[in-house]
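S.K.: I have a structure I would like to understand better, so I am pasting it below and will then ask my questions one at a time.
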Amino acid sequence: MGRRRAARELALKALFQVDLALADPLEALSGAFSGGEYDEDTREFARRLLLGAIQHREHIDGVIAKHAREWTLDRMANVDRNVLRLAVYEILYLPDVPPGVSVDEAVEMVKKYSTAESGRFVNGILGGLVRNLDDEMTGTDVS
């Protein structure tokens with residue numbers, strides 16, 4: 001498994017705990033790290049994803065809601081919702097990651113941790129975002 005894929009999975013595990021158990025983000029990430037040996041680049045990318053998704057959560061959730069026609073965030077599967085948050089953060093705030101890579105990685109994660117149907121669901125939402133990326137980027141502080 002590549003470093004960035006490992007980092008995304010670590011960030012997902014931590015974000016899931018933050019979302020559902022209201023865990024402290026850094027404690028949740030530390031717990032995720034305890035499951036294996038990870039180099040500093042992997043750890044840093046996981047931290048960046050987790051903290052960025054949390055910092056920009058209100059905006060990210062609004063973007064997801066806009067593209068998830070007839071689905072509210074609270075009706076989504078917990079894994080799907082949090083994978084979407086991480087992917088939307090990557091697409092909107094990490095210009096060094098191509099949007100297609102973010103979409104592909106998100107789809108693979110939900111297939112692994114959620115259901116086969118979740119792959120189509122997540123792909124549809126993120127595909128809508130990518131098709132309208134210029135509109136979504138207006139006013140986005142990329143930091």
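By convention in this document, the chains of the structure tokens carry letters A, B, ... by their order, each chain's residues are numbered from 1, and ligands are numbered from 1 in the order they are shown.
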Which residues come within 9 Å of stretch 83-89 of chain A, counting only C-alpha atoms, excluding same-chain residues fewer than 2 positions away, as a ChimeraX atom specification?
M.R.: /A:8,11-12,15-16,49-50,52-54,56-57,60-61,63-64,78-81,91-94,99,102-103,105-107,109-110,122,125-126,129
S.K.: With a distance cut-off of 12 Å and only C-alpha atoms, select the neighbouring residues of A:Gly2, excluding the residue or stretch itself and same-chain residues fewer than 5 positions from it, and output the selection as a PyMOL selection string.
M.R.: chain A and resi 7-9+38-39+41-42+105
S.K.: Write the residues of the preceding selection, restricted to C-alpha atoms, as a tab-separated table (two decimals), in the first residue's frame.
M.R.:
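selection.tsv was written with the following content:
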```tsv
chain	number	residue	atom	x	y	z
A	7	ALA	CA	-2.35	8.16	5.28
A	8	ARG	CA	-5.89	8.46	3.93
A	9	GLU	CA	-6.93	5.31	5.77
A	38	TYR	CA	4.47	4.65	9.47
A	39	ASP	CA	7.12	7.01	8.17
A	41	ASP	CA	5.60	11.61	5.41
A	42	THR	CA	2.66	9.24	5.92
A	105	GLU	CA	-8.90	6.85	-3.63
```
S.K.: Do you have the atom CA of A:Glu44-atom CA of A:Ala28 distance handy?
M.R.: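 For atom CA of A:Glu44 relative to atom CA of A:Ala28, the distance reads 14.4 Å.
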S.K.: What gap, in Å, lies between atom CA of A:Lys66 and atom CA of A:Asn82?
M.R.: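 We find that atom CA of A:Lys66 and atom CA of A:Asn82 lie 15.9 Å from each other.
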S.K.: For the atom pair atom CA of A:Ala77 and atom CA of A:Phe121, what is the interatomic distance in Å to one decimal place?
M.R.: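 Between atom CA of A:Ala77 and atom CA of A:Phe121 the gap works out to 10.5 Å.
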S.K.: Go through A:Glu117, A:Pro25, A:Ala68, A:Gly36 one by one, measure the shortest atom-to-atom distance of each to A:Gln55 using only C-alpha atoms, and give the residue with the smallest value.
M.R.: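 Using only C-alpha atoms, A:Gln55 sits closest to A:Pro25.
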S.K.: Go through A:Arg69, A:Ala23, A:Gly127, A:Ala116 one by one, measure the shortest atom-to-atom distance of each to A:Asp104 using only C-alpha atoms, and give the residue with the smallest value.
M.R.: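 Ranked by minimum distance to A:Asp104, first place goes to A:Gly127.
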S.K.: Among the residues of stretch 22-141 of chain A, find those DSSP assigns to helix (DSSP H, G or I) from the backbone and print them as a compact mmCIF listing (two decimals) with N, CA and C atoms, in the first residue's frame.
M.R.:
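part-v5.txt was written with the following content:
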```txt
# COMPACT_ATOMS: atom_id res chain seq x y z
N PRO A 25 -9.18 14.96 18.06
CA PRO A 25 -8.60 14.57 16.78
C PRO A 25 -7.19 14.00 16.87
N LEU A 26 -6.31 14.65 17.62
CA LEU A 26 -4.94 14.17 17.69
C LEU A 26 -4.82 12.87 18.48
N GLU A 27 -5.67 12.70 19.48
CA GLU A 27 -5.67 11.42 20.21
C GLU A 27 -6.19 10.30 19.31
N ALA A 28 -7.21 10.59 18.53
CA ALA A 28 -7.75 9.59 17.61
C ALA A 28 -6.70 9.21 16.58
N LEU A 29 -5.97 10.19 16.08
CA LEU A 29 -4.93 9.91 15.09
C LEU A 29 -3.79 9.12 15.72
N SER A 30 -3.43 9.47 16.93
CA SER A 30 -2.39 8.72 17.64
C SER A 30 -2.80 7.26 17.80
N GLY A 31 -4.07 7.03 18.11
CA GLY A 31 -4.57 5.67 18.21
C GLY A 31 -4.50 4.94 16.89
N ALA A 32 -4.79 5.63 15.80
CA ALA A 32 -4.71 5.02 14.47
C ALA A 32 -3.25 4.67 14.14
N PHE A 33 -2.32 5.54 14.52
CA PHE A 33 -0.90 5.27 14.26
C PHE A 33 -0.40 4.06 15.03
N GLU A 40 7.41 9.36 8.54
CA GLU A 40 6.97 10.73 8.88
C GLU A 40 6.12 11.35 7.77
N ASP A 41 6.41 11.07 6.51
CA ASP A 41 5.60 11.61 5.41
C ASP A 41 4.16 11.10 5.49
N THR A 42 4.00 9.83 5.79
CA THR A 42 2.66 9.24 5.92
C THR A 42 1.93 9.87 7.10
N ARG A 43 2.61 9.98 8.21
CA ARG A 43 2.00 10.57 9.41
C ARG A 43 1.59 12.02 9.15
N GLU A 44 2.47 12.77 8.49
CA GLU A 44 2.18 14.18 8.24
C GLU A 44 1.01 14.35 7.28
N PHE A 45 0.94 13.54 6.24
CA PHE A 45 -0.18 13.66 5.30
C PHE A 45 -1.48 13.28 6.00
N ALA A 46 -1.47 12.26 6.84
CA ALA A 46 -2.67 11.88 7.60
C ALA A 46 -3.10 13.03 8.52
N ARG A 47 -2.14 13.64 9.20
CA ARG A 47 -2.45 14.79 10.08
C ARG A 47 -3.05 15.93 9.28
N ARG A 48 -2.43 16.21 8.13
CA ARG A 48 -2.90 17.30 7.28
C ARG A 48 -4.34 17.06 6.81
N LEU A 49 -4.64 15.83 6.39
CA LEU A 49 -5.99 15.50 5.95
C LEU A 49 -6.99 15.64 7.09
N LEU A 50 -6.68 15.03 8.21
CA LEU A 50 -7.59 15.05 9.35
C LEU A 50 -7.87 16.47 9.82
N LEU A 51 -6.82 17.21 10.10
CA LEU A 51 -7.01 18.55 10.65
C LEU A 51 -7.64 19.51 9.63
N GLY A 52 -7.29 19.34 8.37
CA GLY A 52 -7.90 20.18 7.33
C GLY A 52 -9.38 19.90 7.16
N ALA A 53 -9.75 18.62 7.18
CA ALA A 53 -11.17 18.25 7.05
C ALA A 53 -11.96 18.79 8.22
N ILE A 54 -11.36 18.77 9.40
CA ILE A 54 -12.05 19.29 10.58
C ILE A 54 -12.13 20.82 10.53
N GLN A 55 -11.04 21.45 10.18
CA GLN A 55 -11.00 22.92 10.12
C GLN A 55 -12.02 23.47 9.12
N ARG A 57 -14.72 21.86 7.92
CA ARG A 57 -15.87 20.96 7.91
C ARG A 57 -17.17 21.64 7.48
N GLU A 58 -17.43 22.82 7.97
CA GLU A 58 -18.68 23.50 7.62
C GLU A 58 -18.78 23.70 6.11
N HIS A 59 -17.72 24.20 5.51
CA HIS A 59 -17.71 24.41 4.06
C HIS A 59 -17.80 23.08 3.32
N ILE A 60 -17.01 22.11 3.75
CA ILE A 60 -16.99 20.79 3.12
C ILE A 60 -18.37 20.15 3.19
N ASP A 61 -19.00 20.18 4.35
CA ASP A 61 -20.33 19.60 4.49
C ASP A 61 -21.35 20.29 3.58
N GLY A 62 -21.21 21.59 3.41
CA GLY A 62 -22.08 22.32 2.49
C GLY A 62 -21.90 21.88 1.05
N VAL A 63 -20.66 21.65 0.66
CA VAL A 63 -20.36 21.18 -0.69
C VAL A 63 -20.93 19.78 -0.90
N ILE A 64 -20.74 18.91 0.09
CA ILE A 64 -21.29 17.56 -0.02
C ILE A 64 -22.80 17.61 -0.14
N ALA A 65 -23.44 18.38 0.71
CA ALA A 65 -24.90 18.49 0.69
C ALA A 65 -25.40 19.00 -0.66
N LYS A 66 -24.68 19.93 -1.23
CA LYS A 66 -25.06 20.49 -2.54
C LYS A 66 -25.03 19.43 -3.64
N HIS A 67 -24.07 18.54 -3.58
CA HIS A 67 -23.89 17.54 -4.63
C HIS A 67 -24.56 16.20 -4.33
N LEU A 73 -26.51 14.68 5.13
CA LEU A 73 -25.31 14.07 5.67
C LEU A 73 -25.63 13.06 6.77
N ASP A 74 -26.64 13.34 7.58
CA ASP A 74 -26.96 12.41 8.67
C ASP A 74 -27.60 11.11 8.18
N ARG A 75 -28.09 11.08 6.95
CA ARG A 75 -28.65 9.85 6.37
C ARG A 75 -27.58 8.99 5.71
N ASN A 78 -21.91 6.27 7.87
CA ASN A 78 -20.85 7.01 8.57
C ASN A 78 -19.52 6.98 7.82
N VAL A 79 -19.17 5.83 7.30
CA VAL A 79 -17.91 5.72 6.55
C VAL A 79 -17.99 6.59 5.30
N ASP A 80 -19.08 6.50 4.56
CA ASP A 80 -19.23 7.26 3.32
C ASP A 80 -19.10 8.76 3.59
N ARG A 81 -19.77 9.23 4.62
CA ARG A 81 -19.75 10.66 4.96
C ARG A 81 -18.32 11.13 5.26
N ASN A 82 -17.59 10.33 6.01
CA ASN A 82 -16.24 10.75 6.39
C ASN A 82 -15.23 10.60 5.27
N VAL A 83 -15.40 9.60 4.42
CA VAL A 83 -14.56 9.49 3.23
C VAL A 83 -14.81 10.70 2.33
N LEU A 84 -16.07 11.07 2.17
CA LEU A 84 -16.40 12.24 1.36
C LEU A 84 -15.76 13.50 1.93
N ARG A 85 -15.79 13.66 3.23
CA ARG A 85 -15.18 14.85 3.85
C ARG A 85 -13.69 14.92 3.53
N LEU A 86 -13.01 13.80 3.65
CA LEU A 86 -11.58 13.80 3.35
C LEU A 86 -11.32 14.09 1.87
N ALA A 87 -12.08 13.46 1.00
CA ALA A 87 -11.89 13.65 -0.44
C ALA A 87 -12.21 15.09 -0.86
N VAL A 88 -13.28 15.65 -0.33
CA VAL A 88 -13.63 17.04 -0.68
C VAL A 88 -12.54 17.98 -0.16
N TYR A 89 -12.03 17.71 1.02
CA TYR A 89 -10.91 18.53 1.52
C TYR A 89 -9.74 18.47 0.53
N GLU A 90 -9.37 17.28 0.12
CA GLU A 90 -8.26 17.13 -0.83
C GLU A 90 -8.53 17.90 -2.12
N ILE A 91 -9.73 17.73 -2.67
CA ILE A 91 -10.06 18.34 -3.95
C ILE A 91 -10.05 19.87 -3.86
N LEU A 92 -10.59 20.40 -2.79
CA LEU A 92 -10.71 21.86 -2.68
C LEU A 92 -9.48 22.55 -2.10
N TYR A 93 -8.75 21.88 -1.24
CA TYR A 93 -7.70 22.55 -0.49
C TYR A 93 -6.29 22.04 -0.72
N PRO A 99 -7.53 16.02 -8.68
CA PRO A 99 -8.88 15.63 -8.26
C PRO A 99 -9.23 14.18 -8.60
N GLY A 100 -8.80 13.71 -9.76
CA GLY A 100 -9.09 12.33 -10.15
C GLY A 100 -8.50 11.32 -9.18
N VAL A 101 -7.32 11.62 -8.66
CA VAL A 101 -6.70 10.74 -7.68
C VAL A 101 -7.53 10.72 -6.40
N SER A 102 -7.98 11.88 -5.96
CA SER A 102 -8.80 11.97 -4.75
C SER A 102 -10.09 11.17 -4.91
N VAL A 103 -10.71 11.28 -6.07
CA VAL A 103 -11.95 10.54 -6.34
C VAL A 103 -11.69 9.04 -6.34
N ASP A 104 -10.67 8.62 -7.06
CA ASP A 104 -10.35 7.18 -7.13
C ASP A 104 -10.04 6.61 -5.75
N GLU A 105 -9.26 7.33 -4.97
CA GLU A 105 -8.90 6.85 -3.63
C GLU A 105 -10.12 6.76 -2.73
N ALA A 106 -11.01 7.75 -2.83
CA ALA A 106 -12.23 7.74 -2.01
C ALA A 106 -13.11 6.56 -2.37
N VAL A 107 -13.26 6.31 -3.65
CA VAL A 107 -14.08 5.18 -4.10
C VAL A 107 -13.49 3.86 -3.59
N GLU A 108 -12.19 3.72 -3.68
CA GLU A 108 -11.55 2.49 -3.19
C GLU A 108 -11.72 2.33 -1.68
N MET A 109 -11.64 3.43 -0.95
CA MET A 109 -11.81 3.33 0.51
C MET A 109 -13.22 2.90 0.90
N VAL A 110 -14.23 3.47 0.25
CA VAL A 110 -15.59 3.06 0.62
C VAL A 110 -15.88 1.63 0.19
N LYS A 111 -15.29 1.21 -0.92
CA LYS A 111 -15.46 -0.19 -1.30
C LYS A 111 -14.84 -1.12 -0.26
N LYS A 112 -13.74 -0.69 0.31
CA LYS A 112 -13.05 -1.50 1.32
C LYS A 112 -13.74 -1.46 2.67
N TYR A 113 -14.20 -0.27 3.10
CA TYR A 113 -14.71 -0.10 4.46
C TYR A 113 -16.23 0.03 4.56
N ALA A 116 -20.20 -2.10 -1.62
CA ALA A 116 -19.94 -1.96 -3.06
C ALA A 116 -20.77 -0.81 -3.64
N GLU A 117 -22.02 -0.67 -3.16
CA GLU A 117 -22.89 0.41 -3.64
C GLU A 117 -22.35 1.78 -3.24
N SER A 118 -21.62 1.82 -2.15
CA SER A 118 -21.06 3.09 -1.68
C SER A 118 -20.08 3.67 -2.69
N GLY A 119 -19.42 2.81 -3.43
CA GLY A 119 -18.49 3.29 -4.44
C GLY A 119 -19.17 4.15 -5.49
N ARG A 120 -20.31 3.70 -5.97
CA ARG A 120 -21.07 4.49 -6.96
C ARG A 120 -21.59 5.78 -6.34
N PHE A 121 -22.09 5.69 -5.11
CA PHE A 121 -22.62 6.86 -4.41
C PHE A 121 -21.55 7.94 -4.26
N VAL A 122 -20.40 7.56 -3.73
CA VAL A 122 -19.31 8.50 -3.51
C VAL A 122 -18.79 9.03 -4.84
N ASN A 123 -18.64 8.16 -5.83
CA ASN A 123 -18.18 8.59 -7.15
C ASN A 123 -19.14 9.63 -7.75
N GLY A 124 -20.43 9.42 -7.59
CA GLY A 124 -21.40 10.36 -8.13
C GLY A 124 -21.30 11.74 -7.49
N ILE A 125 -21.17 11.76 -6.19
CA ILE A 125 -21.06 13.06 -5.48
C ILE A 125 -19.76 13.76 -5.85
N LEU A 126 -18.66 13.04 -5.81
CA LEU A 126 -17.38 13.66 -6.11
C LEU A 126 -17.27 14.02 -7.59
N GLY A 127 -17.87 13.21 -8.46
CA GLY A 127 -17.89 13.54 -9.88
C GLY A 127 -18.60 14.86 -10.14
N GLY A 128 -19.72 15.07 -9.45
CA GLY A 128 -20.43 16.34 -9.57
C GLY A 128 -19.59 17.51 -9.09
N LEU A 129 -18.87 17.31 -8.02
CA LEU A 129 -17.99 18.35 -7.51
C LEU A 129 -16.89 18.67 -8.53
N VAL A 130 -16.25 17.65 -9.05
CA VAL A 130 -15.15 17.86 -9.98
C VAL A 130 -15.64 18.55 -11.25
N ARG A 131 -16.82 18.17 -11.74
CA ARG A 131 -17.37 18.82 -12.94
C ARG A 131 -17.66 20.31 -12.70
N LEU A 133 -15.94 22.22 -10.42
CA LEU A 133 -14.85 22.62 -9.53
C LEU A 133 -14.57 24.12 -9.57
N ASP A 134 -14.63 24.73 -10.74
CA ASP A 134 -14.36 26.17 -10.82
C ASP A 134 -15.34 26.95 -9.97
N ASP A 135 -16.62 26.57 -10.00
CA ASP A 135 -17.63 27.25 -9.18
C ASP A 135 -17.34 27.06 -7.70
N GLU A 136 -16.95 25.86 -7.30
CA GLU A 136 -16.70 25.56 -5.89
C GLU A 136 -15.44 26.25 -5.38
N MET A 137 -14.46 26.47 -6.26
CA MET A 137 -13.21 27.07 -5.84
C MET A 137 -13.33 28.56 -5.61
```
